[in-house]
Amino acid sequence: MEYKELIGSRRSIRFFQSWRPVEREKVQIMLEAARIASCAVNASFLRAIVVFRDDLDRATLDALKTPVSGLNIELAPVHIYCFADMGAYKGAQARLKQLVDVGALNATHGWSHKFVDEFVWPNILKPLADNAGSAQVAAAAACDAGVAICQAMLAGVDEGLGVCLSAFVYEPIRKVLDPPKEWMPLFVLLAGYPAESPEAGGQRPRPPLEQLYFEGKYGNPFKADPKVTEQLRAKKMFQAPAPLPWRKEEIKALARMFGLPE
Amino acid sequence: MKPLADYESVQTWFRGLTEQSGVDPLADPSRLELLAEFCSLVELDPDQLVTACLLQKEGAETKISIKGRRRMADKIAEFQASDVSAGSRDRARRGNTIRSFLIHNGILLQSGIQA
């Protein structure tokens with residue numbers, strides 16, 4: 001799918017074809033997309049544990065459910081539990097120098113092995129590595145992990161899957177998946193073939209550009225150029241807004257199919 | 001007990017069905033019949049069904065009671081299973097009617113796939 005259309009086509013899918021397994025290779029494609037995402041100081045913060053729902057026994061699956069996401073957990077054949085590795089700064093010294101070696105960080109921008117060894121590592125990264133539980137590290141880790149998760153989501157959509165990021169309750173997950181203590185729980189990325197139409201009732205409402213983004217300083221909105229807006233509509237990044245006229249009928253049909261309340 | 005349609009929670013349910021779900025609540029009278037049957041089972045009126053799922057403390061925001069909701073979910077499951085002569089789809093409909101009533105009254109309930 002063309003990239004802008006891909007961005008415009010992604011929806012949080014909440015009805016999956018629960019009976020249709022997701023091919024393992026598609027899960028790998030999502031993980032590979034996450035793996036090559038942009039990350040600060042070449043420290044890949046995202047960690048994930050893939051769970052194929054049908055490999056779980058009933059009691060374990062039930063333990064993973066939350067009041068809000070229980071149905072999604074049941075419907076989605078693939079759950080990718082996402083964490084941020086708060087210890088990812090460890091080893092960043094060597095990984096940064098690797099970026100120097102491969103020509104990503106260059107003398108043009110002031111980078112050298114000596115700069116990494118004598119300034120960046122002892123003054124910036126080692127203190128962060130030593131304070132892995134700090135809010136500063138958590139914010140950086142969550143941001144980088146979010147970028148990686150986003151790439152996984154988009155790769156999944158490009159593979160014809162539906163995806164949905166959902167919160168999870170840590171304690172039952174910890175018991176079942178046994179993640180390392182330094183992994184900070186983030187979200188579960190659910191994936192499966194959509195049972196609802198890919199439009200899922202239309203593009204969701206979002207605040208206008210000017211309300212979110214500014215130019216020069218806060219309070220001076222970044223003004224949208226209507227010509228650009230039109231181009232994005234032509235490229236299908238902007239799509240028909242929700243609710244599409246048939247959405248309620250679609251939900252009624254899905255409710256009947258899965259035996260869910262109206 | 002006064003007529004079910006006179007209860008505020010039933011009116012809220014009907015509004016939710018109409019406005020959110022696009023369903024005409026009056027098209028199927030069995031909805032109210034099932035609600036009446038469930039009310040009789042748990043010996044509560046419709047408004048009390050909602051209240052039983054809430055945690056209300058003076059001076060604090062009302063919360064959904066985890067225990068209350070769990071008890072209600074168990075009762076609904078019991079109610080659903082109780083009609084042994086019905087097929088699985090009809091049994092699911094029994095439970096989902098009550099879940100729908102509570103959901104439109106702000107009580108989040110997820111029962112999973114019932115079909």
# chains A, B, ... in the order shown; residues from 1 in each chain; ligands from 1

call {"tool": "interface_residues", "arguments": {"of": "chain B", "to": "chain A", "cutoff": "7 Å", "atoms": "only C-alpha atoms", "output": "PyMOL selection string"}}
result
chain B and resi 21-22+92+96-97+99-100+109-110+112-115

call {"tool": "write_last_selection", "arguments": {"atoms": "N, CA, C and O atoms", "output": "CSV table (one decimal), in the first residue's frame"}}
result
chain,number,residue,atom,x,y,z
B,21,SER,N,-26.9,2.5,19.5
B,21,SER,CA,-26.8,1.3,18.8
B,21,SER,C,-27.7,1.2,17.5
B,21,SER,O,-27.7,0.3,16.8
B,22,GLY,N,-28.6,2.2,17.4
B,22,GLY,CA,-29.5,2.2,16.2
B,22,GLY,C,-30.5,1.1,16.2
B,22,GLY,O,-30.9,0.6,15.2
B,92,ALA,N,-27.7,-17.0,24.7
B,92,ALA,CA,-26.8,-15.9,24.6
B,92,ALA,C,-27.6,-14.6,24.6
B,92,ALA,O,-27.3,-13.6,25.3
B,96,ASN,N,-27.3,-11.4,27.0
B,96,ASN,CA,-26.8,-10.2,26.4
B,96,ASN,C,-27.9,-9.1,26.5
B,96,ASN,O,-27.5,-7.9,26.5
B,97,THR,N,-29.1,-9.4,26.7
B,97,THR,CA,-30.2,-8.4,27.0
B,97,THR,C,-29.9,-7.7,28.3
B,97,THR,O,-30.0,-6.5,28.4
B,99,ARG,N,-27.0,-7.7,29.8
B,99,ARG,CA,-25.7,-6.9,29.7
B,99,ARG,C,-25.9,-5.6,29.0
B,99,ARG,O,-25.3,-4.6,29.4
B,100,SER,N,-26.7,-5.6,27.9
B,100,SER,CA,-27.0,-4.4,27.2
B,100,SER,C,-27.6,-3.4,28.1
B,100,SER,O,-27.3,-2.2,28.1
B,109,LEU,N,-19.4,-4.1,30.9
B,109,LEU,CA,-19.4,-5.6,31.1
B,109,LEU,C,-18.9,-6.2,29.8
B,109,LEU,O,-19.4,-5.8,28.7
B,110,GLN,N,-18.0,-7.1,29.9
B,110,GLN,CA,-17.6,-7.9,28.7
B,110,GLN,C,-17.7,-9.4,29.0
B,110,GLN,O,-17.1,-9.8,29.9
B,112,GLY,N,-17.4,-11.7,26.5
B,112,GLY,CA,-16.7,-12.6,25.5
B,112,GLY,C,-17.7,-13.1,24.5
B,112,GLY,O,-18.9,-12.8,24.5
B,113,ILE,N,-17.2,-13.9,23.5
B,113,ILE,CA,-18.1,-14.4,22.5
B,113,ILE,C,-19.1,-15.3,23.0
B,113,ILE,O,-18.8,-16.3,23.8
B,114,GLN,N,-20.4,-15.1,22.7
B,114,GLN,CA,-21.5,-15.9,23.2
B,114,GLN,C,-22.1,-16.8,22.2
B,114,GLN,O,-23.0,-17.6,22.5
B,115,ALA,N,-21.8,-16.6,20.9
B,115,ALA,CA,-22.5,-17.3,19.8
B,115,ALA,C,-22.0,-18.7,19.8
B,115,ALA,O,-20.9,-19.1,20.2

call {"tool": "residues_around", "arguments": {"residues": "segment 25-35 of chain B", "least_positions_apart": "2", "cutoff": "7 Å", "atoms": "only C-alpha atoms", "output": "NGL selection string"}}
result
:B and (14 or 17-18 or 23 or 37-39 or 94 or 97-98)

call {"tool": "write_last_selection", "arguments": {"atoms": "C-alpha atoms", "output": "JSON list (two decimals), in the first residue's frame"}}
result
[["chain", "number", "residue", "atom", "x", "y", "z"],
["B", 14, "PHE", "CA", -33.82, 2.59, 25.59],
["B", 17, "LEU", "CA", -30.26, 1.48, 22.19],
["B", 18, "THR", "CA", -31.86, 4.08, 19.95],
["B", 23, "VAL", "CA", -31.89, -0.32, 17.59],
["B", 37, "GLU", "CA", -37.43, -12.15, 34.64],
["B", 38, "PHE", "CA", -33.90, -11.22, 35.70],
["B", 39, "CYS", "CA", -35.14, -8.63, 38.19],
["B", 94, "ARG", "CA", -30.97, -13.79, 27.41],
["B", 97, "THR", "CA", -30.17, -8.41, 26.95],
["B", 98, "ILE", "CA", -29.26, -7.87, 30.59]]

call {"tool": "select_by_dssp", "arguments": {"residues": "segment 51-207 of chain A", "states": "helix (DSSP H, G or I)", "output": "PyMOL selection string"}}
result
chain A and resi 53-55+58-64+70-75+92-101+107-109+113-130+135-158+170-177

call {"tool": "select_by_dssp", "arguments": {"residues": "chain B", "states": "strand (DSSP E or B)", "output": "count of residues only"}}
result
4

call {"tool": "residues_around", "arguments": {"residues": "Leu102 of chain B", "least_positions_apart": "3", "cutoff": "10 Å", "atoms": "only C-alpha atoms", "output": "PyMOL selection string"}}
result
chain B and resi 9-10+12-13+46-47+49-50+53+69+72+96-99+105-109

call {"tool": "write_last_selection", "arguments": {"atoms": "all heavy atoms", "output": "compact mmCIF listing (two decimals), in the first residue's frame"}}
result
# COMPACT_ATOMS: atom_id res chain seq x y z
N SER B 9 -33.53 3.93 34.73
CA SER B 9 -32.48 3.11 34.10
C SER B 9 -32.98 2.45 32.83
O SER B 9 -32.22 2.26 31.87
CB SER B 9 -32.00 2.05 35.09
OG SER B 9 -33.09 1.27 35.55
N VAL B 10 -34.27 2.13 32.79
CA VAL B 10 -34.83 1.52 31.57
C VAL B 10 -34.93 2.57 30.47
O VAL B 10 -34.63 2.30 29.30
CB VAL B 10 -36.21 0.87 31.87
CG1 VAL B 10 -36.87 0.38 30.59
CG2 VAL B 10 -36.04 -0.28 32.86
N THR B 12 -32.97 5.13 30.23
CA THR B 12 -31.57 5.33 29.79
C THR B 12 -31.17 4.24 28.80
O THR B 12 -30.53 4.49 27.79
CB THR B 12 -30.63 5.32 31.01
OG1 THR B 12 -31.04 6.34 31.90
CG2 THR B 12 -29.19 5.55 30.60
N TRP B 13 -31.54 3.02 29.13
CA TRP B 13 -31.24 1.87 28.26
C TRP B 13 -31.88 2.08 26.87
O TRP B 13 -31.19 1.93 25.85
CB TRP B 13 -31.78 0.61 28.93
CG TRP B 13 -31.59 -0.68 28.21
CD1 TRP B 13 -30.56 -1.01 27.37
CD2 TRP B 13 -32.43 -1.84 28.26
NE1 TRP B 13 -30.69 -2.30 26.91
CE2 TRP B 13 -31.83 -2.83 27.45
CE3 TRP B 13 -33.61 -2.14 28.95
CZ2 TRP B 13 -32.39 -4.11 27.28
CZ3 TRP B 13 -34.16 -3.41 28.79
CH2 TRP B 13 -33.57 -4.38 27.96
N PRO B 46 -34.95 -2.49 38.32
CA PRO B 46 -33.91 -2.12 37.35
C PRO B 46 -32.92 -1.08 37.89
O PRO B 46 -31.70 -1.22 37.70
CB PRO B 46 -34.72 -1.55 36.18
CG PRO B 46 -36.04 -2.23 36.25
CD PRO B 46 -36.31 -2.41 37.71
N ASP B 47 -33.42 -0.05 38.56
CA ASP B 47 -32.50 0.96 39.10
C ASP B 47 -31.56 0.34 40.13
O ASP B 47 -30.38 0.68 40.19
CB ASP B 47 -33.27 2.12 39.74
CG ASP B 47 -34.02 2.96 38.70
OD1 ASP B 47 -33.87 2.66 37.49
OD2 ASP B 47 -34.75 3.89 39.08
N LEU B 49 -30.52 -2.72 40.11
CA LEU B 49 -29.53 -3.54 39.39
C LEU B 49 -28.29 -2.71 39.08
O LEU B 49 -27.15 -3.16 39.24
CB LEU B 49 -30.11 -4.04 38.05
CG LEU B 49 -31.09 -5.18 38.03
CD1 LEU B 49 -31.49 -5.49 36.59
CD2 LEU B 49 -30.48 -6.41 38.66
N VAL B 50 -28.53 -1.49 38.63
CA VAL B 50 -27.41 -0.59 38.28
C VAL B 50 -26.65 -0.24 39.55
O VAL B 50 -25.41 -0.33 39.60
CB VAL B 50 -27.93 0.67 37.57
CG1 VAL B 50 -26.78 1.64 37.28
CG2 VAL B 50 -28.66 0.31 36.27
N CYS B 53 -24.04 -2.43 41.05
CA CYS B 53 -22.73 -2.54 40.37
C CYS B 53 -21.85 -1.34 40.67
O CYS B 53 -20.74 -1.22 40.13
CB CYS B 53 -22.92 -2.64 38.86
SG CYS B 53 -23.83 -4.09 38.33
N ARG B 69 -19.86 -5.80 40.23
CA ARG B 69 -19.96 -6.15 38.80
C ARG B 69 -19.73 -7.64 38.59
O ARG B 69 -20.40 -8.27 37.79
CB ARG B 69 -18.96 -5.32 38.00
CG ARG B 69 -19.01 -5.63 36.52
CD ARG B 69 -18.16 -4.71 35.71
NE ARG B 69 -16.77 -4.74 36.11
CZ ARG B 69 -15.84 -3.95 35.62
NH1 ARG B 69 -16.17 -3.03 34.73
NH2 ARG B 69 -14.60 -4.03 36.01
N MET B 72 -22.74 -9.51 39.59
CA MET B 72 -23.80 -9.35 38.59
C MET B 72 -23.48 -10.17 37.34
O MET B 72 -24.38 -10.81 36.77
CB MET B 72 -23.94 -7.86 38.23
CG MET B 72 -25.22 -7.51 37.52
SD MET B 72 -26.71 -7.88 38.50
CE MET B 72 -26.65 -6.57 39.73
N ASN B 96 -27.26 -11.42 27.02
CA ASN B 96 -26.85 -10.16 26.38
C ASN B 96 -27.89 -9.05 26.54
O ASN B 96 -27.54 -7.86 26.52
CB ASN B 96 -26.56 -10.40 24.89
CG ASN B 96 -25.18 -11.01 24.70
OD1 ASN B 96 -24.31 -10.89 25.57
ND2 ASN B 96 -24.97 -11.67 23.57
N THR B 97 -29.14 -9.43 26.70
CA THR B 97 -30.17 -8.41 26.95
C THR B 97 -29.89 -7.70 28.27
O THR B 97 -29.96 -6.48 28.36
CB THR B 97 -31.57 -9.07 26.97
OG1 THR B 97 -31.82 -9.64 25.69
CG2 THR B 97 -32.66 -8.04 27.29
N ILE B 98 -29.54 -8.47 29.28
CA ILE B 98 -29.26 -7.87 30.59
C ILE B 98 -27.93 -7.10 30.54
O ILE B 98 -27.81 -6.01 31.09
CB ILE B 98 -29.20 -8.95 31.70
CG1 ILE B 98 -30.43 -9.87 31.63
CG2 ILE B 98 -29.07 -8.30 33.08
CD1 ILE B 98 -31.77 -9.15 31.66
N ARG B 99 -26.96 -7.67 29.84
CA ARG B 99 -25.67 -6.95 29.69
C ARG B 99 -25.90 -5.62 28.98
O ARG B 99 -25.34 -4.59 29.37
CB ARG B 99 -24.67 -7.81 28.90
CG ARG B 99 -24.22 -9.03 29.66
CD ARG B 99 -23.15 -9.84 28.90
NE ARG B 99 -22.95 -11.11 29.58
CZ ARG B 99 -23.46 -12.28 29.15
NH1 ARG B 99 -24.15 -12.35 28.03
NH2 ARG B 99 -23.25 -13.38 29.86
N ASN B 105 -26.31 1.70 30.89
CA ASN B 105 -26.37 2.46 32.14
C ASN B 105 -24.99 2.70 32.72
O ASN B 105 -24.84 3.00 33.91
CB ASN B 105 -27.27 1.74 33.15
CG ASN B 105 -28.74 2.08 32.93
OD1 ASN B 105 -29.18 3.16 33.32
ND2 ASN B 105 -29.48 1.19 32.27
N GLY B 106 -23.97 2.52 31.88
CA GLY B 106 -22.61 2.92 32.27
C GLY B 106 -21.81 1.84 32.95
O GLY B 106 -20.71 2.11 33.43
N ILE B 107 -22.33 0.62 33.01
CA ILE B 107 -21.59 -0.46 33.66
C ILE B 107 -20.90 -1.28 32.57
O ILE B 107 -21.55 -2.01 31.83
CB ILE B 107 -22.53 -1.39 34.47
CG1 ILE B 107 -23.44 -0.57 35.39
CG2 ILE B 107 -21.72 -2.42 35.25
CD1 ILE B 107 -22.73 0.24 36.45
N LEU B 108 -19.59 -1.14 32.50
CA LEU B 108 -18.86 -1.86 31.47
C LEU B 108 -18.84 -3.35 31.81
O LEU B 108 -18.42 -3.75 32.89
CB LEU B 108 -17.43 -1.33 31.38
CG LEU B 108 -16.60 -1.92 30.24
CD1 LEU B 108 -15.69 -0.87 29.65
CD2 LEU B 108 -15.80 -3.12 30.69
N LEU B 109 -19.35 -4.13 30.89
CA LEU B 109 -19.37 -5.59 31.07
C LEU B 109 -18.90 -6.22 29.76
O LEU B 109 -19.36 -5.84 28.69
CB LEU B 109 -20.80 -6.09 31.31
CG LEU B 109 -21.39 -6.04 32.71
CD1 LEU B 109 -22.85 -6.47 32.63
CD2 LEU B 109 -20.65 -6.94 33.66

call {"tool": "closest_residue", "arguments": {"among": "A:Pro127, A:Pro77, A:Gly219, A:Gly110", "to": "Lys90 of chain A", "atoms": "only C-alpha atoms"}}
result
A:Pro127

call {"tool": "closest_residue", "arguments": {"among": "A:Ala234, A:Leu64, A:Val137, A:Ala152", "to": "Leu125 of chain A", "atoms": "only C-alpha atoms"}}
result
A:Val137

call {"tool": "closest_atom_pairs", "arguments": {"of": "segment 90-203 of chain A", "to": "segment 41-47 of chain A", "cutoff": "7 Å", "atoms": "only C-alpha atoms", "output": "JSON lines"}}
result
{"residue": "A:Ala92", "atom": "CA", "partner": "A:Ala43", "partner_atom": "CA", "distance": 6.0}
{"residue": "A:Arg95", "atom": "CA", "partner": "A:Asn42", "partner_atom": "CA", "distance": 6.0}
{"residue": "A:Leu96", "atom": "CA", "partner": "A:Val41", "partner_atom": "CA", "distance": 5.9}
{"residue": "A:Ala141", "atom": "CA", "partner": "A:Phe45", "partner_atom": "CA", "distance": 5.6}
{"residue": "A:Asp144", "atom": "CA", "partner": "A:Phe45", "partner_atom": "CA", "distance": 6.4}
{"residue": "A:Ala145", "atom": "CA", "partner": "A:Leu46", "partner_atom": "CA", "distance": 4.5}
{"residue": "A:Ala148", "atom": "CA", "partner": "A:Leu46", "partner_atom": "CA", "distance": 6.9}

call {"tool": "residues_around", "arguments": {"residues": "Arg10 of chain A", "least_positions_apart": "3", "cutoff": "12 Å", "atoms": "only C-alpha atoms", "output": "ChimeraX atom specification"}}
result
/A:1,3-7,13,150-165,194,197-204,236-239

call {"tool": "write_last_selection", "arguments": {"atoms": "N, CA and C atoms", "output": "tab-separated table (two decimals), in the first residue's frame"}}
result
chain	number	residue	atom	x	y	z
A	1	MET	N	0.85	-1.20	0.00
A	1	MET	CA	0.00	0.00	0.00
A	1	MET	C	0.88	1.25	0.00
A	3	TYR	N	2.39	4.69	1.06
A	3	TYR	CA	2.64	5.00	2.47
A	3	TYR	C	1.57	5.91	3.08
A	4	LYS	N	1.23	6.97	2.35
A	4	LYS	CA	0.26	7.90	2.95
A	4	LYS	C	-1.12	7.23	3.11
A	5	GLU	N	-1.45	6.41	2.15
A	5	GLU	CA	-2.72	5.68	2.26
A	5	GLU	C	-2.68	4.71	3.45
A	6	LEU	N	-1.51	4.11	3.65
A	6	LEU	CA	-1.34	3.18	4.77
A	6	LEU	C	-1.60	3.89	6.10
A	7	ILE	N	-1.01	5.07	6.24
A	7	ILE	CA	-1.23	5.85	7.47
A	7	ILE	C	-2.72	6.17	7.62
A	13	ILE	N	-8.66	-1.72	15.28
A	13	ILE	CA	-9.65	-2.76	14.96
A	13	ILE	C	-10.04	-3.47	16.26
A	150	CYS	N	4.67	1.78	16.55
A	150	CYS	CA	3.93	2.37	15.42
A	150	CYS	C	4.35	1.72	14.10
A	151	GLN	N	5.67	1.51	13.95
A	151	GLN	CA	6.13	0.87	12.70
A	151	GLN	C	5.58	-0.55	12.60
A	152	ALA	N	5.52	-1.25	13.72
A	152	ALA	CA	4.96	-2.61	13.71
A	152	ALA	C	3.49	-2.57	13.31
A	153	MET	N	2.77	-1.60	13.86
A	153	MET	CA	1.34	-1.48	13.54
A	153	MET	C	1.14	-1.25	12.05
A	154	LEU	N	1.90	-0.31	11.51
A	154	LEU	CA	1.72	0.02	10.10
A	154	LEU	C	2.12	-1.15	9.20
A	155	ALA	N	3.18	-1.86	9.61
A	155	ALA	CA	3.59	-3.04	8.83
A	155	ALA	C	2.48	-4.08	8.86
A	156	GLY	N	1.84	-4.22	10.00
A	156	GLY	CA	0.73	-5.17	10.11
A	156	GLY	C	-0.42	-4.80	9.19
A	157	VAL	N	-0.75	-3.53	9.17
A	157	VAL	CA	-1.84	-3.07	8.29
A	157	VAL	C	-1.47	-3.32	6.83
A	158	ASP	N	-0.20	-3.07	6.51
A	158	ASP	CA	0.27	-3.29	5.14
A	158	ASP	C	0.18	-4.76	4.75
A	159	GLU	N	0.22	-5.64	5.74
A	159	GLU	CA	0.10	-7.09	5.50
A	159	GLU	C	-1.36	-7.54	5.50
A	160	GLY	N	-2.28	-6.59	5.58
A	160	GLY	CA	-3.70	-6.94	5.53
A	160	GLY	C	-4.30	-7.25	6.88
A	161	LEU	N	-3.54	-7.01	7.95
A	161	LEU	CA	-4.05	-7.31	9.29
A	161	LEU	C	-4.75	-6.10	9.89
A	162	GLY	N	-5.56	-6.38	10.88
A	162	GLY	CA	-6.08	-5.32	11.74
A	162	GLY	C	-5.24	-5.29	12.99
A	163	VAL	N	-5.05	-4.11	13.54
A	163	VAL	CA	-4.23	-3.97	14.75
A	163	VAL	C	-4.95	-3.06	15.74
A	164	CYS	N	-4.63	-3.25	16.99
A	164	CYS	CA	-5.20	-2.39	18.03
A	164	CYS	C	-4.27	-2.38	19.23
A	165	LEU	N	-3.90	-1.19	19.65
A	165	LEU	CA	-3.09	-1.07	20.87
A	165	LEU	C	-4.04	-1.01	22.05
A	194	PRO	N	-9.19	-8.48	10.25
A	194	PRO	CA	-10.38	-7.76	10.73
A	194	PRO	C	-11.67	-8.48	10.38
A	197	SER	N	-15.15	-4.16	8.60
A	197	SER	CA	-14.55	-3.67	7.36
A	197	SER	C	-13.28	-2.91	7.73
A	198	PRO	N	-12.28	-2.91	6.84
A	198	PRO	CA	-11.04	-2.20	7.15
A	198	PRO	C	-11.26	-0.72	7.48
A	199	GLU	N	-12.30	-0.11	6.91
A	199	GLU	CA	-12.58	1.31	7.24
A	199	GLU	C	-13.05	1.46	8.68
A	200	ALA	N	-13.58	0.35	9.23
A	200	ALA	CA	-14.05	0.34	10.62
A	200	ALA	C	-14.92	1.55	10.94
A	201	GLY	N	-15.78	1.86	10.01
A	201	GLY	CA	-16.74	2.94	10.25
A	201	GLY	C	-16.25	4.33	9.88
A	202	GLY	N	-15.02	4.41	9.37
A	202	GLY	CA	-14.52	5.71	8.92
A	202	GLY	C	-13.37	6.23	9.77
A	203	GLN	N	-12.72	7.26	9.24
A	203	GLN	CA	-11.55	7.82	9.95
A	203	GLN	C	-12.00	8.54	11.22
A	204	ARG	N	-11.28	8.29	12.28
A	204	ARG	CA	-11.69	8.81	13.59
A	204	ARG	C	-11.51	10.32	13.69
A	236	LYS	N	-5.30	9.60	-0.15
A	236	LYS	CA	-6.04	8.74	0.79
A	236	LYS	C	-5.45	8.69	2.20
A	237	MET	N	-4.65	9.70	2.53
A	237	MET	CA	-4.23	9.79	3.93
A	237	MET	C	-5.40	10.33	4.74
A	238	PHE	N	-6.15	11.21	4.12
A	238	PHE	CA	-7.42	11.65	4.72
A	238	PHE	C	-8.54	10.88	4.03
A	239	GLN	N	-9.33	10.23	4.81
A	239	GLN	CA	-10.40	9.39	4.27
A	239	GLN	C	-11.75	9.82	4.84

call {"tool": "atom_distance", "arguments": {"atom1": "atom CA of Tyr89 of chain A", "atom2": "atom CA of Lys126 of chain A"}}
result
7.6 Å

call {"tool": "closest_residue", "arguments": {"among": "A:Phe15, A:Glu23, A:Val100, A:Gly133", "to": "Leu254 of chain A", "atoms": "only C-alpha atoms"}}
result
A:Phe15

call {"tool": "atom_distance", "arguments": {"atom1": "atom CA of Ala84 of chain A", "atom2": "atom CA of Met184 of chain A"}}
result
5.0 Å

call {"tool": "closest_residue", "arguments": {"among": "B:Glu19, B:Glu58, B:Asp45, B:Asp74", "to": "Tyr7 of chain B", "atoms": "only C-alpha atoms"}}
result
B:Asp45

call {"tool": "residues_around", "arguments": {"residues": "segment 170-175 of chain A", "least_positions_apart": "4", "cutoff": "7 Å", "atoms": "only C-alpha atoms", "output": "JSON list (two decimals) with all heavy atoms, in the first residue's frame"}}
result
[["chain", "number", "residue", "atom", "x", "y", "z"],
["A", 63, "ALA", "N", -7.03, -15.26, 32.41],
["A", 63, "ALA", "CA", -6.24, -14.47, 33.37],
["A", 63, "ALA", "C", -5.68, -13.20, 32.73],
["A", 63, "ALA", "O", -5.40, -12.23, 33.42],
["A", 63, "ALA", "CB", -5.10, -15.32, 33.92],
["A", 64, "LEU", "N", -5.50, -13.21, 31.42],
["A", 64, "LEU", "CA", -4.93, -12.05, 30.73],
["A", 64, "LEU", "C", -5.96, -10.96, 30.46],
["A", 64, "LEU", "O", -5.60, -9.84, 30.10],
["A", 64, "LEU", "CB", -4.31, -12.48, 29.40],
["A", 64, "LEU", "CG", -3.17, -13.49, 29.46],
["A", 64, "LEU", "CD1", -2.63, -13.77, 28.07],
["A", 64, "LEU", "CD2", -2.04, -12.99, 30.34],
["A", 179, "PRO", "N", 8.32, -11.57, 32.36],
["A", 179, "PRO", "CA", 9.31, -10.64, 31.78],
["A", 179, "PRO", "C", 10.33, -10.21, 32.83],
["A", 179, "PRO", "O", 10.03, -10.24, 34.03],
["A", 179, "PRO", "CB", 8.44, -9.44, 31.36],
["A", 179, "PRO", "CG", 7.28, -9.49, 32.27],
["A", 179, "PRO", "CD", 7.03, -10.93, 32.60],
["A", 185, "PRO", "N", 6.11, -2.21, 31.65],
["A", 185, "PRO", "CA", 4.97, -2.59, 30.80],
["A", 185, "PRO", "C", 4.39, -1.39, 30.05],
["A", 185, "PRO", "O", 4.25, -0.31, 30.64],
["A", 185, "PRO", "CB", 3.95, -3.17, 31.78],
["A", 185, "PRO", "CG", 4.35, -2.66, 33.11],
["A", 185, "PRO", "CD", 5.82, -2.38, 33.08]]

call {"tool": "residues_around", "arguments": {"residues": "Ser166 of chain A", "least_positions_apart": "2", "cutoff": "8 Å", "atoms": "only C-alpha atoms", "output": "list of chain:residue names"}}
result
A:Ser69, A:Cys164, A:Phe168, A:Phe187, A:Val188, A:Leu189, A:Leu190

call {"tool": "residues_around", "arguments": {"residues": "Arg24 of chain A", "least_positions_apart": "3", "cutoff": "12 Å", "atoms": "only C-alpha atoms", "output": "list in words"}}
result
Pro21, Val27, Gln28, Ile29, Met30, Leu31, Val50, Val51, Phe52, Pro77, Val78, Gly156, Glu159, Ala191 and Gly192 of chain A

call {"tool": "decode", "arguments": {"residues": "segment 96-109 of chain A", "atoms": "N, CA and C atoms", "output": "PDB file, in the first residue's frame"}}
result
ATOM      1  N   LEU A  96      26.892   3.291  20.302  1.00  0.00           N
ATOM      2  CA  LEU A  96      27.105   4.616  19.704  1.00  0.00           C
ATOM      3  C   LEU A  96      28.352   4.613  18.828  1.00  0.00           C
ATOM      4  N   LYS A  97      29.397   3.962  19.345  1.00  0.00           N
ATOM      5  CA  LYS A  97      30.641   3.909  18.568  1.00  0.00           C
ATOM      6  C   LYS A  97      30.436   3.102  17.285  1.00  0.00           C
ATOM      7  N   GLN A  98      29.538   2.153  17.356  1.00  0.00           N
ATOM      8  CA  GLN A  98      29.181   1.391  16.153  1.00  0.00           C
ATOM      9  C   GLN A  98      28.582   2.332  15.098  1.00  0.00           C
ATOM     10  N   LEU A  99      27.769   3.283  15.574  1.00  0.00           N
ATOM     11  CA  LEU A  99      27.189   4.255  14.643  1.00  0.00           C
ATOM     12  C   LEU A  99      28.260   5.150  14.034  1.00  0.00           C
ATOM     13  N   VAL A 100      29.300   5.437  14.821  1.00  0.00           N
ATOM     14  CA  VAL A 100      30.433   6.201  14.281  1.00  0.00           C
ATOM     15  C   VAL A 100      31.114   5.358  13.205  1.00  0.00           C
ATOM     16  N   ASP A 101      31.318   4.085  13.521  1.00  0.00           N
ATOM     17  CA  ASP A 101      32.038   3.197  12.599  1.00  0.00           C
ATOM     18  C   ASP A 101      31.317   3.024  11.265  1.00  0.00           C
ATOM     19  N   VAL A 102      29.991   3.005  11.307  1.00  0.00           N
ATOM     20  CA  VAL A 102      29.253   2.767  10.048  1.00  0.00           C
ATOM     21  C   VAL A 102      28.920   4.076   9.319  1.00  0.00           C
ATOM     22  N   GLY A 103      29.405   5.190   9.845  1.00  0.00           N
ATOM     23  CA  GLY A 103      29.215   6.457   9.140  1.00  0.00           C
ATOM     24  C   GLY A 103      27.877   7.121   9.387  1.00  0.00           C
ATOM     25  N   ALA A 104      27.168   6.688  10.427  1.00  0.00           N
ATOM     26  CA  ALA A 104      25.902   7.355  10.761  1.00  0.00           C
ATOM     27  C   ALA A 104      26.169   8.610  11.595  1.00  0.00           C
ATOM     28  N   LEU A 105      27.103   8.518  12.509  1.00  0.00           N
ATOM     29  CA  LEU A 105      27.529   9.679  13.304  1.00  0.00           C
ATOM     30  C   LEU A 105      28.928  10.057  12.831  1.00  0.00           C
ATOM     31  N   ASN A 106      29.073  11.289  12.382  1.00  0.00           N
ATOM     32  CA  ASN A 106      30.312  11.658  11.692  1.00  0.00           C
ATOM     33  C   ASN A 106      30.971  12.879  12.326  1.00  0.00           C
ATOM     34  N   ALA A 107      32.227  13.039  11.939  1.00  0.00           N
ATOM     35  CA  ALA A 107      32.991  14.203  12.410  1.00  0.00           C
ATOM     36  C   ALA A 107      32.318  15.507  11.975  1.00  0.00           C
ATOM     37  N   THR A 108      31.584  15.462  10.865  1.00  0.00           N
ATOM     38  CA  THR A 108      30.862  16.665  10.405  1.00  0.00           C
ATOM     39  C   THR A 108      29.951  17.218  11.499  1.00  0.00           C
ATOM     40  N   HIS A 109      29.465  16.324  12.343  1.00  0.00           N
ATOM     41  CA  HIS A 109      28.558  16.718  13.422  1.00  0.00           C
ATOM     42  C   HIS A 109      29.214  16.611  14.795  1.00  0.00           C
TER      43      HIS A 109
END
